[in-house]
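*Asks:* input-v9.cif is reproduced in full below (mmCIF, C-alpha atoms).
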```
data_my_file
loop_
_atom_site.label_atom_id
_atom_site.label_comp_id
_atom_site.auth_asym_id
_atom_site.auth_seq_id
_atom_site.Cartn_x
_atom_site.Cartn_y
_atom_site.Cartn_z
CA MET M 22 -17.10 -9.34 10.96
CA THR M 23 -18.65 -7.25 8.21
CA LEU M 24 -16.52 -5.66 5.50
CA GLU M 25 -16.97 -2.25 7.16
CA GLU M 26 -15.79 -3.62 10.51
CA ILE M 27 -12.74 -5.25 8.92
CA ILE M 28 -11.80 -2.02 7.13
CA GLY M 29 -12.44 -0.07 10.33
CA VAL M 30 -9.97 -2.02 12.49
CA ASP M 31 -7.84 0.48 14.41
CA THR M 32 -4.29 0.61 13.01
CA ALA M 33 -3.05 3.59 15.04
CA PRO M 34 -0.06 3.06 17.41
CA HIS M 35 -1.73 4.22 20.63
CA LEU M 36 0.42 5.65 23.42
CA GLU M 37 -0.70 3.06 25.95
CA SER M 38 0.62 0.33 23.64
CA ILE M 39 3.93 2.14 23.08
CA HIS M 40 4.50 2.54 26.85
CA ASP M 41 4.09 -1.22 27.27
CA ASP M 42 5.85 -2.27 24.06
CA GLU M 43 8.25 -5.13 23.37
CA TRP M 44 11.54 -4.30 21.66
CA ASP M 45 13.08 -6.28 18.78
CA ALA M 46 16.74 -5.25 18.93
CA GLU M 47 17.75 -7.13 15.78
CA TYR M 48 15.52 -5.04 13.51
CA ASN M 49 15.00 -1.95 15.72
CA CYS M 50 11.24 -2.41 15.84
CA SER M 51 8.77 -2.27 18.72
CA TYR M 52 5.64 -4.41 19.10
CA SER M 53 2.62 -4.30 21.35
CA SER M 54 2.96 -6.51 24.43
CA ASP M 55 0.79 -9.21 22.83
CA GLY M 56 2.92 -9.12 19.65
CA GLU M 57 -0.05 -8.38 17.41
CA LYS M 58 0.89 -4.82 16.41
CA LEU M 59 4.13 -3.51 14.91
CA LEU M 60 4.11 -0.06 16.52
CA ASP M 61 7.30 1.70 15.46
CA ALA M 62 10.65 1.30 13.71
CA GLU M 63 13.41 3.17 15.52
CA ASN M 64 16.27 4.52 13.42
CA TYR M 65 14.38 3.28 10.37
CA PRO M 66 16.22 0.06 9.45
CA GLY M 67 16.97 -0.88 5.84
CA GLU M 68 15.88 -4.49 6.24
CA VAL M 69 13.17 -5.95 8.47
CA VAL M 70 11.68 -9.36 9.15
CA VAL M 71 8.32 -8.83 10.82
CA ARG M 72 7.65 -11.30 13.64
CA ASP M 73 5.24 -14.21 13.25
CA GLY M 74 1.99 -13.47 15.05
CA CYS M 75 1.94 -9.80 14.04
CA ARG M 76 -1.49 -8.92 12.63
CA ILE M 77 -1.19 -5.16 12.13
CA ILE M 78 1.54 -2.88 10.81
CA CYS M 79 0.51 0.43 12.33
CA ASP M 80 0.15 3.78 10.59
CA GLU M 81 3.35 5.46 9.35
CA VAL M 82 5.70 2.83 10.84
CA PHE M 83 8.21 2.93 7.96
CA SER M 84 7.23 6.26 6.38
CA PHE M 85 9.75 9.01 5.67
CA GLN M 86 10.33 11.57 8.42
CA ASP M 87 12.01 14.92 7.86
CA TYR M 88 14.99 14.14 10.11
CA MET M 89 15.95 11.33 7.70
CA ALA M 90 16.90 13.79 4.94
CA GLU M 91 20.54 13.75 3.87
CA ASN M 92 20.90 17.50 4.33
CA ASP M 93 19.74 19.84 7.08
CA HIS M 94 16.85 22.01 5.94
CA PHE M 95 16.00 23.60 9.29
CA SER M 96 12.55 25.16 8.91
CA GLU M 97 12.40 24.66 5.13
CA PRO M 98 10.45 21.76 3.60
CA VAL M 99 12.56 18.77 2.54
CA PRO M 100 12.83 18.71 -1.30
CA GLU M 101 10.89 15.93 -2.97
CA GLU M 102 14.04 14.26 -4.34
CA GLU M 103 15.37 13.79 -0.79
CA ARG M 104 12.17 12.37 0.66
CA VAL M 105 13.03 8.67 0.78
CA ALA M 106 12.85 6.29 3.75
CA TYR M 107 15.64 3.81 4.42
CA LEU M 108 13.67 0.58 4.10
CA ASP M 109 14.50 -1.47 1.00
CA LYS M 110 13.64 -5.02 2.06
CA ILE M 111 10.93 -6.49 4.28
CA LYS M 112 9.52 -9.94 4.97
CA LEU M 113 5.91 -10.06 6.13
CA PRO M 114 4.44 -12.95 8.17
CA GLU M 115 1.41 -14.98 7.12
CA SER M 116 -0.37 -13.75 10.26
CA LEU M 117 -0.56 -10.17 8.91
CA THR M 118 -4.11 -8.95 8.17
CA HIS M 119 -3.83 -5.13 8.11
CA ILE M 120 -1.30 -2.65 6.70
CA GLY M 121 -2.01 0.74 8.23
CA LYS M 122 -2.31 4.18 6.70
CA MET M 123 0.93 5.55 5.22
CA ALA M 124 2.80 2.54 6.64
CA PHE M 125 5.34 2.56 3.77
CA LEU M 126 4.87 6.14 2.57
CA GLU M 127 7.92 7.33 0.57
CA CYS M 128 9.85 4.05 0.92
CA GLY M 129 11.50 4.87 -2.37
CA TRP M 130 14.07 2.05 -2.26
CA LEU M 131 11.49 -0.71 -1.86
CA LEU M 132 11.68 -2.77 -5.08
CA GLY M 133 9.09 -5.39 -4.33
CA LEU M 134 7.48 -7.43 -1.61
CA ARG M 135 5.35 -10.50 -1.12
CA LEU M 136 2.02 -9.74 0.49
CA PRO M 137 0.98 -12.58 2.85
CA LYS M 138 -1.94 -14.88 2.11
CA ASN M 139 -4.11 -13.68 5.02
CA LEU M 140 -3.88 -9.94 4.32
CA LEU M 141 -7.30 -8.27 4.38
CA VAL M 142 -6.72 -4.50 4.18
CA ILE M 143 -4.15 -2.13 2.65
CA GLY M 144 -4.70 1.28 4.25
CA ASP M 145 -4.91 4.73 2.69
CA MET M 146 -1.62 5.91 1.15
CA ALA M 147 0.09 2.76 2.46
CA PHE M 148 2.58 2.56 -0.43
CA LYS M 149 2.31 6.08 -1.85
CA ASP M 150 5.57 7.33 -3.40
CA CYS M 151 7.25 3.91 -3.39
CA TRP M 152 8.66 4.95 -6.71
CA GLN M 153 10.85 1.88 -7.34
CA LEU M 154 8.15 -0.68 -6.59
CA GLN M 155 7.69 -2.66 -9.81
CA THR M 156 5.45 -5.69 -9.32
CA LEU M 157 2.81 -6.66 -6.83
CA GLY M 158 0.56 -9.69 -6.44
CA MET M 159 -2.47 -9.31 -4.21
CA PRO M 160 -3.46 -12.34 -2.11
CA GLY M 161 -6.90 -13.88 -2.58
CA SER M 162 -7.83 -12.83 0.96
CA LEU M 163 -7.45 -9.09 0.26
CA LEU M 164 -10.75 -7.23 0.61
CA SER M 165 -9.85 -3.55 0.43
CA ILE M 166 -7.23 -1.24 -1.10
CA GLY M 167 -7.34 2.21 0.49
CA GLU M 168 -7.42 5.65 -1.07
CA ARG M 169 -4.20 6.65 -2.86
CA ALA M 170 -2.63 3.39 -1.66
CA PHE M 171 -0.21 3.16 -4.62
CA GLU M 172 -0.29 6.76 -5.81
CA ASP M 173 2.91 7.92 -7.53
CA CYS M 174 4.40 4.43 -7.71
CA PHE M 175 5.92 5.45 -11.03
CA SER M 176 7.69 2.11 -11.73
CA LEU M 177 4.76 -0.19 -10.96
CA TYR M 178 4.01 -2.03 -14.19
CA HIS M 179 2.37 -5.28 -13.06
CA VAL M 180 -0.46 -5.66 -10.55
CA ARG M 181 -2.55 -8.78 -10.02
CA LEU M 182 -5.85 -8.17 -8.24
CA ASN M 183 -7.29 -11.45 -6.99
CA LYS M 184 -10.95 -12.42 -6.89
CA GLY M 185 -11.60 -11.69 -3.21
CA LEU M 186 -11.16 -7.92 -3.61
CA LYS M 187 -14.28 -5.87 -2.78
CA ARG M 188 -13.13 -2.23 -2.65
CA ILE M 189 -10.59 0.00 -4.40
CA GLY M 190 -10.30 3.49 -2.92
CA GLU M 191 -10.14 6.81 -4.73
CA ARG M 192 -6.94 7.41 -6.72
CA ALA M 193 -5.52 4.08 -5.55
CA PHE M 194 -3.23 3.82 -8.60
CA ASN M 195 -3.01 7.51 -9.46
CA CYS M 196 0.07 8.33 -11.57
CA CYS M 197 1.32 4.75 -11.85
CA GLU M 198 2.85 5.75 -15.15
CA GLU M 199 4.26 2.33 -16.13
CA LEU M 200 1.09 0.36 -15.46
CA GLU M 201 -0.03 -1.16 -18.78
CA GLU M 202 -2.73 -3.67 -17.88
CA ILE M 203 -4.97 -4.56 -14.96
CA PHE M 204 -7.67 -7.14 -14.28
CA LEU M 205 -10.71 -6.14 -12.23
CA PRO M 206 -12.20 -9.12 -10.33
CA SER M 207 -15.89 -9.80 -10.80
CA GLY M 208 -16.54 -9.60 -7.04
CA LEU M 209 -15.50 -5.94 -6.88
CA GLU M 210 -18.28 -3.89 -5.27
CA TYR M 211 -16.84 -0.39 -5.14
CA MET M 212 -14.23 1.59 -7.04
CA GLY M 213 -13.55 5.20 -6.07
CA LYS M 214 -13.04 8.16 -8.37
CA GLU M 215 -9.93 8.56 -10.51
CA VAL M 216 -8.44 5.19 -9.54
CA PHE M 217 -6.35 5.17 -12.75
CA ARG M 218 -5.86 8.92 -13.16
CA GLY M 219 -2.42 9.65 -14.61
CA CYS M 220 -1.81 6.02 -15.67
CA THR M 221 -0.51 7.20 -19.02
CA SER M 222 0.65 3.74 -20.21
CA LEU M 223 -2.58 1.89 -19.38
CA GLU M 224 -3.66 -0.07 -22.46
CA ARG M 225 -6.12 -2.65 -21.12
CA ILE M 226 -8.59 -3.02 -18.28
CA ASN M 227 -9.66 -6.66 -18.25
CA ILE M 228 -12.98 -7.83 -16.81
CA ARG M 229 -14.83 -11.13 -16.86
CA LYS M 230 -17.01 -11.85 -19.87
CA GLY M 231 -20.55 -10.64 -19.20
CA ALA M 232 -19.50 -8.25 -16.40
CA TRP M 233 -19.66 -5.03 -18.43
CA ALA M 234 -23.07 -3.99 -17.07
CA LYS M 235 -21.66 -4.06 -13.55
CA PHE M 236 -18.44 -2.19 -14.32
CA LYS M 237 -19.75 0.38 -16.78
CA SER M 238 -20.63 2.87 -14.04
CA MET M 239 -17.43 2.20 -12.04
CA ILE M 240 -14.96 2.78 -14.87
CA PRO M 241 -14.58 6.39 -16.11
CA HIS M 242 -16.10 6.97 -19.53
CA ASN M 243 -12.77 7.96 -21.09
CA LEU M 244 -11.40 4.47 -20.26
CA HIS M 245 -14.29 2.48 -21.70
CA LYS M 246 -12.45 2.06 -25.00
CA ILE M 247 -9.65 0.03 -23.36
CA VAL M 248 -11.95 -2.35 -21.45
CA GLU M 249 -11.76 -5.95 -22.67
CA GLU M 250 -14.01 -8.83 -21.59
CA SER M 251 -12.41 -12.27 -21.39
#
```
Could you quickly redo this structure as structure tokens?
*Replies:*
Amino acid sequence: MTLEEIIGVDTAPHLESIHDDEWDAEYNCSYSSDGEKLLDAENYPGEVVVRDGCRIICDEVFSFQDYMAENDHFSEPVPEEERVAYLDKIKLPESLTHIGKMAFLECGWLLGLRLPKNLLVIGDMAFKDCWQLQTLGMPGSLLSIGERAFEDCFSLYHVRLNKGLKRIGERAFNCCEELEEIFLPSGLEYMGKEVFRGCTSLERINIRKGAWAKFKSMIPHNLHKIVEES
């Protein structure tokens, strides 16, 4: 498969799959009949072990929903401080290749997680507003980080991007206020606009020695002064 085909894999929980799903009563999750897709998380559990063989966590599976708010707001929007999903611990299988769009949106209690070694794609806004997430190591298999994937992860201070990464979407780390340093792998082919916008603590962007010509056009001009070749 080409990079575009891998990124374009369908991560939506289609109705036909939901009607023929398989229920995991221990963790209140439903899977497609072949076990390859995690479709939904009923009652939004606090802790989940995703089954071996699962390849795709579908869009919005663990994201905050308005009915989860502590107080009733009727037709009024839920205040930002109350928008937090229940999930605080998850174990992902090595079979996982795709994390869908907004899969962990507003999982504010999630402190950290180990991304499996075969993961290929992190979807758009997948971890947006996971405001307690602190550290994250990307597996060498990872090819693409979607747009706004870690936006507003205010506590994220350490990120390791491994050499297999090809794409970083627009505003992927927007407003990661504690992020101090990041290494851009030499194989990176595309970096969207404003990837590090609002990263007020960012002191160093590390690149491989001799790679400046490649990255000069990708990195915003106002951040050139903190780029270091090593």
*Asks:* Compare M:Trp130, M:Tyr178, M:Trp233, M:Phe194 by their minimum atom-to-atom distance to Ser207 (chain M), counting all atoms listed in the file, and give me the closest one.
*Replies:*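 Using all atoms listed in the file, Ser207 (chain M) sits closest to M:Trp233.
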*Asks:* Excluding region 54-58 of chain M and any residue of its chain fewer than 6 positions from it, enumerate the residues within 9 Å of it, using all atoms listed in the file, and give them as a ChimeraX atom specification.
*Replies:* /M:32,34,38-39,41-43,72-79,116-117
*Asks:* Dump C-alpha atoms for the selected residues as a short mmCIF file (atom, residue, chain, number, x, y, z; two decimals), in the frame of the given file?
*Replies:*
```cif
data_model
loop_
_atom_site.label_atom_id
_atom_site.label_comp_id
_atom_site.auth_asym_id
_atom_site.auth_seq_id
_atom_site.Cartn_x
_atom_site.Cartn_y
_atom_site.Cartn_z
CA THR M 32 -4.29 0.61 13.01
CA PRO M 34 -0.06 3.06 17.41
CA SER M 38 0.62 0.33 23.64
CA ILE M 39 3.93 2.14 23.08
CA ASP M 41 4.09 -1.22 27.27
CA ASP M 42 5.85 -2.27 24.06
CA GLU M 43 8.25 -5.13 23.37
CA ARG M 72 7.65 -11.30 13.64
CA ASP M 73 5.24 -14.21 13.25
CA GLY M 74 1.99 -13.47 15.05
CA CYS M 75 1.94 -9.80 14.04
CA ARG M 76 -1.49 -8.92 12.63
CA ILE M 77 -1.19 -5.16 12.13
CA ILE M 78 1.54 -2.88 10.81
CA CYS M 79 0.51 0.43 12.33
CA SER M 116 -0.37 -13.75 10.26
CA LEU M 117 -0.56 -10.17 8.91
#
```
*Asks:* Could you list the residues chosen by the PyMOL selection byres ((chain M and resi 140-153) around 7) in this structure as a ChimeraX atom specification?
*Replies:* /M:28,117-132,137-139,154-155,160,162-176
*Asks:* For the provided coordinates, the residues matched by the PyMOL selection byres ((chain M and resi 251) around 12) should be stated as number ranges by chain.
*Replies:* M: 204-207, 225-233, 248-250
*Asks:* What do you get, as a list in words, if you spell out every residue that the PyMOL selection byres ((chain M and resi 219) around 9) selects here?
*Replies:*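 So the PyMOL selection byres ((chain M and resi 219) around 9) ends up selecting Phe194, Asn195, Cys196, Cys197, Glu198, Glu215, Phe217, Arg218, Cys220, Thr221 and Ser222 of chain M.
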*Asks:* Could you write out the selected residues, including C-alpha atoms, as a PDB file, in the frame of the given file?
*Replies:*
```pdb
ATOM      1  CA  PHE M 194      -3.230   3.820  -8.600  1.00  0.00           C
ATOM      2  CA  ASN M 195      -3.010   7.510  -9.460  1.00  0.00           C
ATOM      3  CA  CYS M 196       0.070   8.330 -11.570  1.00  0.00           C
ATOM      4  CA  CYS M 197       1.320   4.750 -11.850  1.00  0.00           C
ATOM      5  CA  GLU M 198       2.850   5.750 -15.150  1.00  0.00           C
ATOM      6  CA  GLU M 215      -9.930   8.560 -10.510  1.00  0.00           C
ATOM      7  CA  PHE M 217      -6.350   5.170 -12.750  1.00  0.00           C
ATOM      8  CA  ARG M 218      -5.860   8.920 -13.160  1.00  0.00           C
ATOM      9  CA  CYS M 220      -1.810   6.020 -15.670  1.00  0.00           C
ATOM     10  CA  THR M 221      -0.510   7.200 -19.020  1.00  0.00           C
ATOM     11  CA  SER M 222       0.650   3.740 -20.210  1.00  0.00           C
TER      12      SER M 222
END
```
*Asks:* Which residue, M:Leu186, M:Leu59, M:Ile203, M:Val105, has the smallest gap to Ala33 (chain M) when you use only C-alpha atoms?
*Replies:*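 Smallest separation from Ala33 (chain M) among the options: M:Leu59.
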*Asks:* What's the separation between CA of Met159 (chain M) and CA of Val71 (chain M), in Å to one decimal place?
*Replies:*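 Computed distance, CA of Met159 (chain M) to CA of Val71 (chain M), equals 18.5 Å.
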